[in-house]
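*Asks:* Can you read through this structure? Questions will come right after.
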Amino acid sequence: MRILKIWWPLLSSSLAIVLEIWLPNSPKHPPVAEPYFLYLLILASVLFLGCAVGCCLRAGFRAIIDDKAYFYAAALAALNALNLVTNKFSLLPAIFFPTPDRILNVLVTDFPYLFADCLGSSAKLLFTGFFSGAVAGLITGIAVGFSKKISYWVNPLIRIIGPIPPTAWIPIVLVAFPTTFGGGAFLIALSVWFPTTVMTSSGIANVQNAFFEVSSTLGAGHYYQIFHVGIPAAMPFIFIGLFTGTCSSFITLMTAEMLGVKNGLGWYINWQREMLSYANVYAGLIIIAVSFYIFITMFFKLRDHILVWQKGVIKW
Amino acid sequence: MVAVFKNLFNLSLADDNDEKKGKLSGSISVDRVVKSFIQNDGGRVVALSGVSLEVGGGEFVSLIGPSGCGKSTLLRLIAGLNRADSGSLYLDGEKITQPEYQRGLVFQNPLLFPWLNIHSNVAFGLRARKIYRENKNEVEKFLKLVGLEKFGRAYPHQLSGGMAQRASLARALINRPRVLLLDEPLGALDAFTRMNMQDEILRIWRERKITMIMVTHDVDEAIYLSDRVVVMSPGPAKIDTVLDVPFSRPRARSNPDFLLLRSSILKILNYGGQIVEPTYQI
């Protein structure tokens with residue numbers, strides 16, 4: 001049974017290839033220049049064949065695929081089912097549920113535009129907003145956490161402004177900012193700023209007082225304590241704040257692009273929806289999923305690197 | 001343990017700062033100190049009512065007493081973590097106003113910084129005082145002193161309680177404080193680790209000629225380690241009796257004189273009924 005396990009993905013992709021070639025396409029879907037779905041399946045088959053053969057030859061290979069073999073097989077089966085439901089039997093409305101072939105076709109033909117223009121523009125907006133929001137959030141959080149006076153004046157402001165969903169500012173921001181890029185970046189910054197500030201200041205407030213006492217008997221001054229005791233001790237909280245901020249920045253980015261900014265993936269999706277080109281909408285969604293996945297994975301890699309001393313508090 | 005002891009003899013840690021010590025011996029003087037705390041319900045609790053105590057440079061003094069007798073409060077005042085309501089405290093004639101590295105403090109909880117590895121924990125004081133670069137070698141030396149030279153790269157959660165407490169000791173000692181304050185440093189350790197650590201503390205005390213003031217609940221520990229035992233009593237919190245421990249070191253815990261002193265301390269602490277006096281003589 002264990003020997004068989006590694007062959008499951010290959011079996012699944014082969015089945016999909018057979019069905020794809022053997023069954024005729026439904027006439028309800030417009031034909032595509034190249035059978036990209038078939039190419040994808042062949043690519044997967046070659047890959048999994050290589051893995052399975054590799055497993056038989058070398059034991060070390062096994063670790064790569066063994067654990068996930070059933071998952072890959074199921075994922076390929078799901079794609080196969082999607083292909084059958086759309087391309088072969090056309091069981092769903094053709095206009096809203098395009099074939100995998102057409103989605104892949106968009107990804108391939110529109111790739112330069114999707115990738116360089118839309119993704120590039122979104123990334124620029126996201127990074128500008130995210131980093132300025134994170135830095136502002138850290139500074140506010142640290143100041144509020146350590147200074148009673150700043151906390152007295154700034155905390156009410158945080159409590160009133162913070163909970164307003166950043167997207168609710170769109171009508172004002174689009175008028176107030178000279179460029180939509182500036183406005184969008186401001187909104188994203190706002191959505192990162194609030195959770196980062198709150199978690200940073202509460203993280204600092206939660207640091208055991210004994211750590212400050214011990215460090216003061218070791219010769220640490222006030223500022224040394226802030227940067228070498230308070231902030232590192234609050235790091236787990238800070239990362240929770242940044243993570244929450246990351247998620248809400250994605251939402252803000254998409255909303256801002258759909259409502260005001262005439263650029264980026266959110267705008268692309270909205271535009272294609274209006275044109276009823278749903279294949280393009282799905283292609284845009286796939287790019288969003290993949291790039292946000294990469295973003296969050298990198299974020300957690302950074303977190304694990306900084307928080308080696310307490311690995312695995314938030315799992316991803 | 002053997003390795004630890006071997007290191008100690010090879011290392012001459014008493015070499016430095018000895019000339020300076022002549023003047024600044026690390027004597028502590030507590031002069032009619034009063035301290036009270038305000039409770040949550042607004043009531044005042046008197047934690048110390050006019051306590052005076054002189055501790056000579058290089059002396060080992062234990063503070064012992066039931067909970068609420070103010071021994072930890074006194075230690076915190078000496079450390080400078082709290083301010084006295086009235087009266088004052090001095091280190092070598094200099095008034096104590098705030099915590100500083102000259103008065104190192106080791107708590108019951110090792111309180112190692114969990115985000116730093118053991119090496120960086122020990123180096124913390126040097127870095128905080130911005131003298132790390134010139135004294136890099138010190139860290140290895142002090143890790144060796146407490147037998148943790150192989151654990152520099154480990155993180156605190158990977159150490160056992162005894163090892164963590166040693167690291168905490170090294171972290172306080174690397175600053176070469178004149179006085180080391182110990183707040184029940186061995187309270188959380190098991191009996192065997194505890195006895196090993198007592199010997200270790202004693203050895204460091206001897207070698208570094210450092211003044212040590214230790215709060216403890218353990219009468220045996222107090223007699224085993226100290227030159228003097230300060231017995232404190234609650235309500236109002238004050239010093240009850242100060243007892244000299246005239247025995248030469250190393251001390252045997254089963255020695256009749258040891259047991260006699262032990263029972264007289266217990267008597268002061270009102271545990272008289274449970275004491276069995278030694279009935280034999282050597």
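For the structure tokens, the naming scheme is as follows: chains receive sequential letters (A, B, ...) according to their order of presentation, residues are indexed from 1 within each chain, and ligands are indexed from 1 in presentation order.
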I need the residues of range 56-282 of chain B that end up classed as alpha helix (DSSP H) by DSSP on the backbone, written out as a PyMOL selection string.
*Replies:* chain B and resi 71-79+118-128+136-145+161-173+191-208+219-225+256-268
*Asks:* Please, which residues of chain B lie no more than 9 Å from chain A when the count uses only C-alpha atoms, and can they be set out as a VMD selection string?
*Replies:* chain B and resid 79 to 81 98 to 107 111 to 117 124 to 129 155 to 157 171 to 172 175
*Asks:* Which neighbours of range 176-186 of chain A fall inside 7 Å, counting only C-alpha atoms, when residues of the same chain fewer than 3 positions from it are skipped, and could you give them as a VMD selection string?
*Replies:* chain A and resid 125 to 126 128 to 129 172 to 173 189 to 190 256 260 to 261
*Asks:* Go ahead and dump the residues you just picked, all heavy atoms, as a CSV table (one decimal), in the first residue's frame.
*Replies:*
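Result file is result-v5.csv:
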chain,number,residue,atom,x,y,z
A,125,LEU,N,1.8,49.4,-4.7
A,125,LEU,CA,0.9,50.0,-3.8
A,125,LEU,C,0.9,49.3,-2.5
A,125,LEU,O,0.9,50.0,-1.4
A,125,LEU,CB,-0.5,50.0,-4.5
A,125,LEU,CG,-1.6,50.7,-3.8
A,125,LEU,CD1,-1.3,52.2,-3.7
A,125,LEU,CD2,-2.9,50.5,-4.6
A,126,LEU,N,0.9,48.0,-2.5
A,126,LEU,CA,0.8,47.2,-1.3
A,126,LEU,C,2.0,47.5,-0.4
A,126,LEU,O,1.9,47.8,0.8
A,126,LEU,CB,0.7,45.7,-1.6
A,126,LEU,CG,0.5,44.8,-0.4
A,126,LEU,CD1,-0.8,45.1,0.3
A,126,LEU,CD2,0.6,43.4,-0.8
A,128,THR,N,4.2,50.0,-0.5
A,128,THR,CA,4.3,51.3,0.0
A,128,THR,C,3.4,51.5,1.2
A,128,THR,O,3.8,52.0,2.2
A,128,THR,CB,3.9,52.3,-1.1
A,128,THR,OG1,4.5,52.0,-2.3
A,128,THR,CG2,4.2,53.7,-0.7
A,129,GLY,N,2.2,51.1,1.0
A,129,GLY,CA,1.2,51.2,2.1
A,129,GLY,C,1.6,50.4,3.3
A,129,GLY,O,1.6,50.8,4.5
A,172,ILE,N,-13.6,60.1,1.1
A,172,ILE,CA,-12.8,61.2,1.5
A,172,ILE,C,-11.4,61.2,0.9
A,172,ILE,O,-10.9,62.2,0.3
A,172,ILE,CB,-12.7,61.3,3.0
A,172,ILE,CG1,-14.1,61.4,3.6
A,172,ILE,CG2,-11.8,62.5,3.5
A,172,ILE,CD1,-14.2,61.1,5.1
A,173,VAL,N,-10.8,60.0,1.0
A,173,VAL,CA,-9.4,59.9,0.6
A,173,VAL,C,-9.2,60.2,-0.9
A,173,VAL,O,-8.3,60.8,-1.3
A,173,VAL,CB,-8.9,58.5,1.0
A,173,VAL,CG1,-7.6,58.2,0.2
A,173,VAL,CG2,-8.7,58.4,2.5
A,189,ALA,N,-1.9,51.7,4.5
A,189,ALA,CA,-1.1,52.0,5.7
A,189,ALA,C,-2.0,52.1,6.9
A,189,ALA,O,-1.7,51.6,8.0
A,189,ALA,CB,-0.4,53.4,5.5
A,190,LEU,N,-3.2,52.7,6.7
A,190,LEU,CA,-4.1,52.8,7.9
A,190,LEU,C,-4.6,51.5,8.3
A,190,LEU,O,-4.6,51.2,9.5
A,190,LEU,CB,-5.3,53.7,7.4
A,190,LEU,CG,-6.2,54.3,8.5
A,190,LEU,CD1,-5.4,55.3,9.2
A,190,LEU,CD2,-7.4,54.9,7.8
A,256,ALA,N,-9.7,49.2,-2.7
A,256,ALA,CA,-9.2,50.5,-3.2
A,256,ALA,C,-9.0,50.4,-4.7
A,256,ALA,O,-9.4,51.3,-5.5
A,256,ALA,CB,-7.9,50.9,-2.5
A,260,GLY,N,-11.3,52.9,-6.8
A,260,GLY,CA,-10.8,54.2,-7.2
A,260,GLY,C,-9.5,54.1,-8.0
A,260,GLY,O,-9.4,54.7,-9.1
A,261,VAL,N,-8.5,53.3,-7.5
A,261,VAL,CA,-7.3,53.3,-8.2
A,261,VAL,C,-7.5,52.6,-9.6
A,261,VAL,O,-8.0,51.5,-9.7
A,261,VAL,CB,-6.2,52.5,-7.4
A,261,VAL,CG1,-4.9,52.5,-8.0
A,261,VAL,CG2,-6.2,53.0,-6.0
*Asks:* Contacts of range 64-77 of chain B at 6 Å or less, counting only C-alpha atoms, minus same-chain residues fewer than 3 places along, as an mmCIF file with C-alpha atoms, in the first residue's frame?
*Replies:*
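Listed below is the output, selection32.cif:
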data_model
loop_
_atom_site.group_PDB
_atom_site.id
_atom_site.type_symbol
_atom_site.label_atom_id
_atom_site.label_comp_id
_atom_site.auth_asym_id
_atom_site.auth_seq_id
_atom_site.Cartn_x
_atom_site.Cartn_y
_atom_site.Cartn_z
ATOM 1 C CA ALA B 47 6.402 46.149 55.138
ATOM 2 C CA LEU B 48 9.323 47.380 57.229
ATOM 3 C CA GLY B 80 17.178 50.156 44.632
ATOM 4 C CA LEU B 81 14.047 48.738 43.002
ATOM 5 C CA ASN B 82 11.854 50.426 45.624
ATOM 6 C CA THR B 216 15.877 32.319 52.164
ATOM 7 C CA HIS B 217 13.170 30.198 53.739
ATOM 8 C CA VAL B 231 16.035 36.522 61.680
ATOM 9 C CA MET B 232 13.109 38.779 60.861
ATOM 10 C CA SER B 233 9.589 38.717 62.263
ATOM 11 C CA PRO B 234 6.292 40.042 60.957
ATOM 12 C CA ALA B 237 7.991 43.677 60.164
#
*Asks:* Using only C-alpha atoms, which protein or nucleic acid residues come within 10 Å of Ala94 in chain A? Drop anything in the same chain fewer than 3 positions from it, and give the result as a list in words.
*Replies:* Ser26, Lys28, His29, Pro30, Thr86, Asn87, Ser90, Leu91, Phe97, Pro98, Thr99 and Tyr278 of chain A
